[in-house]
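J.: Okay, here's the structure, questions in a sec.
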Amino acid sequence: MNDLQIKDYVDRQALESLQLSRMQQVMKRVYENVKFYHDAFDAKGVKPEDLKTLADLAKFPCTVKTDLRDHYPFGLLAVPQKEVVRIHASSGTTGKPTVVCYTHNDLTSWAETMARTLIAGGVTENDVVQVGYGYGLFTGGLGAHYGAERLGCSVIPMGGGSTEKQLMLLKDFGSTAVCCTPSFFIHLIEEAEKIGLDFHETKLRRGFFGAEPWTEAMRDFIEQKTGIEAHDIFGLSEVTGPGVSGDCECRCGLHVFEDHYYPEILDPDTGEVLPPGEEGELVFTSLTKEAMPLIRYRTHDISRLNYDKCPCGRTLVRMEKVRRRCDDMLIIRGVNLFPSQVESVLLTIKGTQPQYQLIVTRTKAMDELEIRVEVTPEVFSDQVGALENLRNRISSTIKQIIGLSARITLVEPGSIERSSGKAKRVIDLRNLGK
Ligand code: DLL
C-alpha cells in the first residue's frame with residue numbers, strides 16, 4: 001500500500017483523535033483570523049476551547065452559502081491574501097459567484113484526496129486519464145487533473161465539450177479512465193454510436209462521474225453500453241471541489257475523506273444533528289483547509305452516513321449517493337443554477353416582467369432548459385422584430401452571466417399561473433428520483 005492508500009484504512013480511533021486535534025486547531029484559526037467566525041462564535045456563546053470532543057461540534061454555528069456571498073469576495077480568508085495561490089468560484093444565489101481560495105498546502109491536500117478518489121475506483125499510475133470536466137473557475141477540471149497527476153497517471157486535459165475530439169483522443173491516446181459529468185458521458189456514448197465507435201473496443205475501463213445527481217439506472221446504462229466501471233464522485237467548491245468522497249469497487253456508498261472533511265447529517269428544518277444512518281442535510285467542516293476553512297458548511301445535499309465497515313476494507317465513513325437537494329438549486333448539464341439568478345438577470349432587461357418559469361427536460365441524456373418569461377404589455381403589442389430582439393437579449397445575457405444556453409419563450413402578460421403562496425418557478429421534468 002502506498003502513502004496515499006494507507007490513510008483510507010486507518011483505525012477509527014486513531015482517525016477520530018486526528019480529526020479532533022485538527023478540528024481544535026481550525027476552530028482556533030478561524031476564531032482568531034476571520035471576523036465573521038469570531039462574531040458568530042461570540043453570538044452563540046462558544047469559544048474554540050469548548051470543543052473538547054467531536055460531539056461538541058454541534059454547539060458551533062453553521063455556515064451557509066449566503067455567508068460567502070455577504071463576504072464576497074475575500075472576506076472569509078483566514079490567511080493573508082498573499083498566501084492564496086488559486087481562486088475558484090461557483091454559482092451564488094444571485095449575480096455574484098461564491099468564491100473559494102486555496103493556499104499551496106490546500107492544493108496539495110485537494111490533489112491528495114482526488115488521487116484517493118481515483119485509487120478507490122481502481123486507477124493506478126499506469127492509467128491514462130482523460131479529464132472531460134470544464135477547466136476554469138469550475139473546480140471539476142483542475143481538481144480531477146491534479147488528482148490524477150498526483151497519482152502519477154498520464155493526464156489528458158481535454159476539458160468539457162468538443163464531443164468528436166473527445167472520442168478521437170479517447171481512441172487514439174488509449175484513455176483508460178475518463179472524468180466528466182454523467183450526462184456528458186451519455187452524450188459521448190450516443191455520439192460514438194453514430195460514428196460506429198464501440199467503447200468495448202477501446203482501452204477505456206473506468207469513469208468518474210459527478211458534479212450532478214445521477215441514478216443507478218444511469219450507471220447500469222453506462223456500464224452495459226460501454227463495459228466500463230462507472231464510479232460516483234462527489235464534491236463541492238466551498239469544501240474543496242471534486243475529491244470530497246467517491247465510491248470504491250463495492251459501489252455501496254461514497255467514502256468521505258474524513259481526515260480532511262468532517263461530515264455531519266442535520267435535520268434540514270431544525271438544524272439538529274441526526275444519528276448515523278438517518279437521512280438529512282450533509283454538512284462539512286474543513287479540518288485542514290488553510291485559506292478559507294468553513295465550519296459546518298450546509299451543502300443542501302440530502303444523504304445519510306454509514307459507519308459500518310465497507311467490504312473493501314476502507315474504514316472511512318460512506319455517504320449515500322446524493323439524489324436531491326433541500327433548496328431550489330438546479331444542476332443543468334453540470335452547471336449550478338438558482339432560479340433567483342434568472343430573476344436577477346430579467347430585472348436588468350427592459351421589456352420583461354419578473355414573472356418567469358424554468359422548465360427542465362431531458363432529451364436523451366442532455367438536459368434542456370426553457371425559460372418562459374412574461375413580457376410587458378407594450379412589448380407584447382409591438383412588432384415581431386421587437387420580441388425577437390428581446391428574446392435574443394435575454395438569451396445572450398443568461399449565457400454570459402450564468403453560462404447556460406437556454407431556450408427563451410416570451411409569453412403574454414399574465415399568462416404564467418399565479419399562486420397564492422410560493423410561486424412555482426421550476427418545473428423539473430427529469431426523473432432524477434431513483
Ligand atoms: O460540482 C465539484 C465536482 C466536480 C464534483 C466534478 C464532482 C465532480 P460545485 O460546482 O460547487 O462543485 O457543485 C457542488 O454539485 O453540492 C451537489 O449538489 C452537486 N454534486 C456534486 N457531485 C455530485 C454527485 C462540483 N456525485 C454541488 N452526485 C453539490 C450528486 C453532486 N450531486
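Identifiers in the C-alpha cells: chain A, B, ... in order shown; residue index from 1 per chain; ligand index from 1 in order shown.
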With only C-alpha atoms as the counted atoms, please give the residues lying no more than 8 Å from Asp267 of chain A, apart from itself and same-chain residues fewer than 5 positions off, as a PyMOL selection string.
T.: chain A and resi 272-274+280-281
J.: Kindly export the residues of the current selection with N, CA, C and O atoms, as an mmCIF file, in the first residue's frame.
T.:
data_model
loop_
_atom_site.group_PDB
_atom_site.id
_atom_site.type_symbol
_atom_site.label_atom_id
_atom_site.label_comp_id
_atom_site.auth_asym_id
_atom_site.auth_seq_id
_atom_site.Cartn_x
_atom_site.Cartn_y
_atom_site.Cartn_z
ATOM 1 N N GLU A 272 -30.815 20.273 13.825
ATOM 2 C CA GLU A 272 -30.319 19.315 14.826
ATOM 3 C C GLU A 272 -29.483 18.229 14.158
ATOM 4 O O GLU A 272 -29.810 17.804 13.044
ATOM 5 N N VAL A 273 -28.462 17.767 14.877
ATOM 6 C CA VAL A 273 -27.649 16.673 14.339
ATOM 7 C C VAL A 273 -28.460 15.383 14.394
ATOM 8 O O VAL A 273 -29.071 15.074 15.421
ATOM 9 N N LEU A 274 -28.477 14.631 13.291
ATOM 10 C CA LEU A 274 -29.214 13.370 13.254
ATOM 11 C C LEU A 274 -28.259 12.193 13.486
ATOM 12 O O LEU A 274 -27.086 12.261 13.113
ATOM 13 N N GLY A 280 -30.685 13.182 5.926
ATOM 14 C CA GLY A 280 -30.807 14.611 6.198
ATOM 15 C C GLY A 280 -29.811 15.387 5.366
ATOM 16 O O GLY A 280 -29.287 14.882 4.371
ATOM 17 N N GLU A 281 -29.554 16.620 5.799
ATOM 18 C CA GLU A 281 -28.671 17.503 5.019
ATOM 19 C C GLU A 281 -27.209 17.259 5.394
ATOM 20 O O GLU A 281 -26.841 17.252 6.564
#
J.: Do a neighbour search on Glu343 of chain A at 7 Å with only C-alpha atoms, toss out local chain neighbours closer than 4 positions, and write the hits as a list in words.
T.: Pro339, Leu347 and Pro354 of chain A
J.: Give me, as number ranges by chain, the set of residues whose atoms come within 8 Å of any atom of ligand 1, counting only C-alpha atoms and all ligand atoms.
T.: A: 89-91, 133, 138-141, 143-144, 179-181, 208-214, 232-238, 240-244, 246, 299-301, 321-325, 329, 331, 334-336
J.: Based on the selection just made, write C-alpha atoms of those residues as a PDB file, in the first residue's frame.
T.:
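Saved as part-v8.pdb:
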ATOM      1  CA  ALA A  89     -15.832  30.136  -7.922  1.00  0.00           C
ATOM      2  CA  SER A  90     -19.238  28.519  -8.280  1.00  0.00           C
ATOM      3  CA  SER A  91     -22.773  29.813  -8.660  1.00  0.00           C
ATOM      4  CA  TYR A 133     -14.757  18.291 -16.787  1.00  0.00           C
ATOM      5  CA  PHE A 138     -15.352  25.409 -12.020  1.00  0.00           C
ATOM      6  CA  THR A 139     -13.353  23.048  -9.801  1.00  0.00           C
ATOM      7  CA  GLY A 140     -14.046  19.900 -11.854  1.00  0.00           C
ATOM      8  CA  GLY A 141     -11.289  20.154 -14.478  1.00  0.00           C
ATOM      9  CA  GLY A 143      -9.420  19.193  -9.440  1.00  0.00           C
ATOM     10  CA  ALA A 144      -9.512  15.921 -11.377  1.00  0.00           C
ATOM     11  CA  CYS A 179     -13.643  12.028 -15.670  1.00  0.00           C
ATOM     12  CA  CYS A 180     -16.708  14.021 -16.742  1.00  0.00           C
ATOM     13  CA  THR A 181     -20.337  14.634 -15.854  1.00  0.00           C
ATOM     14  CA  PHE A 208     -15.503   9.018 -12.625  1.00  0.00           C
ATOM     15  CA  PHE A 209     -18.816  10.786 -12.857  1.00  0.00           C
ATOM     16  CA  GLY A 210     -20.127  13.558 -10.653  1.00  0.00           C
ATOM     17  CA  ALA A 211     -20.931  17.271 -10.323  1.00  0.00           C
ATOM     18  CA  GLU A 212     -24.634  16.475 -10.744  1.00  0.00           C
ATOM     19  CA  PRO A 213     -27.094  13.847  -9.461  1.00  0.00           C
ATOM     20  CA  TRP A 214     -27.339  10.648 -11.477  1.00  0.00           C
ATOM     21  CA  ASP A 232     -19.691   8.199  -8.490  1.00  0.00           C
ATOM     22  CA  ILE A 233     -17.526  11.068  -7.253  1.00  0.00           C
ATOM     23  CA  PHE A 234     -18.828  13.889  -5.129  1.00  0.00           C
ATOM     24  CA  GLY A 235     -17.582  17.273  -4.040  1.00  0.00           C
ATOM     25  CA  LEU A 236     -18.364  20.947  -3.858  1.00  0.00           C
ATOM     26  CA  SER A 237     -16.270  24.033  -4.392  1.00  0.00           C
ATOM     27  CA  GLU A 238     -16.890  25.514  -0.971  1.00  0.00           C
ATOM     28  CA  THR A 240     -12.662  21.980  -1.961  1.00  0.00           C
ATOM     29  CA  GLY A 241     -14.025  20.614  -5.274  1.00  0.00           C
ATOM     30  CA  PRO A 242     -14.185  17.018  -6.547  1.00  0.00           C
ATOM     31  CA  GLY A 243     -12.488  14.582  -4.177  1.00  0.00           C
ATOM     32  CA  VAL A 244     -14.608  15.049  -1.057  1.00  0.00           C
ATOM     33  CA  GLY A 246     -16.026   8.693  -4.051  1.00  0.00           C
ATOM     34  CA  THR A 299     -24.419  21.760   1.485  1.00  0.00           C
ATOM     35  CA  HIS A 300     -28.184  21.439   0.992  1.00  0.00           C
ATOM     36  CA  ASP A 301     -27.469  17.977  -0.405  1.00  0.00           C
ATOM     37  CA  LYS A 321     -25.404   8.793  -3.293  1.00  0.00           C
ATOM     38  CA  VAL A 322     -26.845  12.307  -3.422  1.00  0.00           C
ATOM     39  CA  ARG A 323     -30.097  12.314  -5.377  1.00  0.00           C
ATOM     40  CA  ARG A 324     -31.661  15.574  -4.360  1.00  0.00           C
ATOM     41  CA  ARG A 325     -31.161  18.854  -2.596  1.00  0.00           C
ATOM     42  CA  MET A 329     -30.638  24.857  -6.819  1.00  0.00           C
ATOM     43  CA  ILE A 331     -27.893  21.388 -11.857  1.00  0.00           C
ATOM     44  CA  GLY A 334     -23.314  20.234 -14.732  1.00  0.00           C
ATOM     45  CA  VAL A 335     -23.961  23.972 -14.285  1.00  0.00           C
ATOM     46  CA  ASN A 336     -25.447  25.040 -10.972  1.00  0.00           C
TER      47      ASN A 336
END
J.: I'd like the contact shell of Gln130 of chain A - 9 Å cut-off, only C-alpha atoms, skipping same-chain residues fewer than 5 positions apart - returned as a PyMOL selection string.
T.: chain A and resi 145+154-159+166+169-170+175-180
J.: Would you list, as a PyMOL selection string, the residues of segment 186-365 of chain A that end up in strand (DSSP E) under DSSP run on this structure's backbone?
T.: chain A and resi 206-210+229-236+241-247+254-256+261-266+280-286+297-303+305-306+318-319+330-332+335-337+352-363
J.: Hey, what's within 10 Å of Leu167 of chain A if we count only C-alpha atoms and toss same-chain stuff fewer than 2 positions away? As number ranges by chain, please?
T.: A: 162-165, 169-173, 175, 188-189, 191-192, 195, 197, 199
J.: What's the separation between atom CA of Asn392 of chain A and atom CA of Ile371 of chain A, in Å to one decimal place?
T.: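 Interatomic distance, atom CA of Asn392 of chain A to atom CA of Ile371 of chain A: 12.5 Å.
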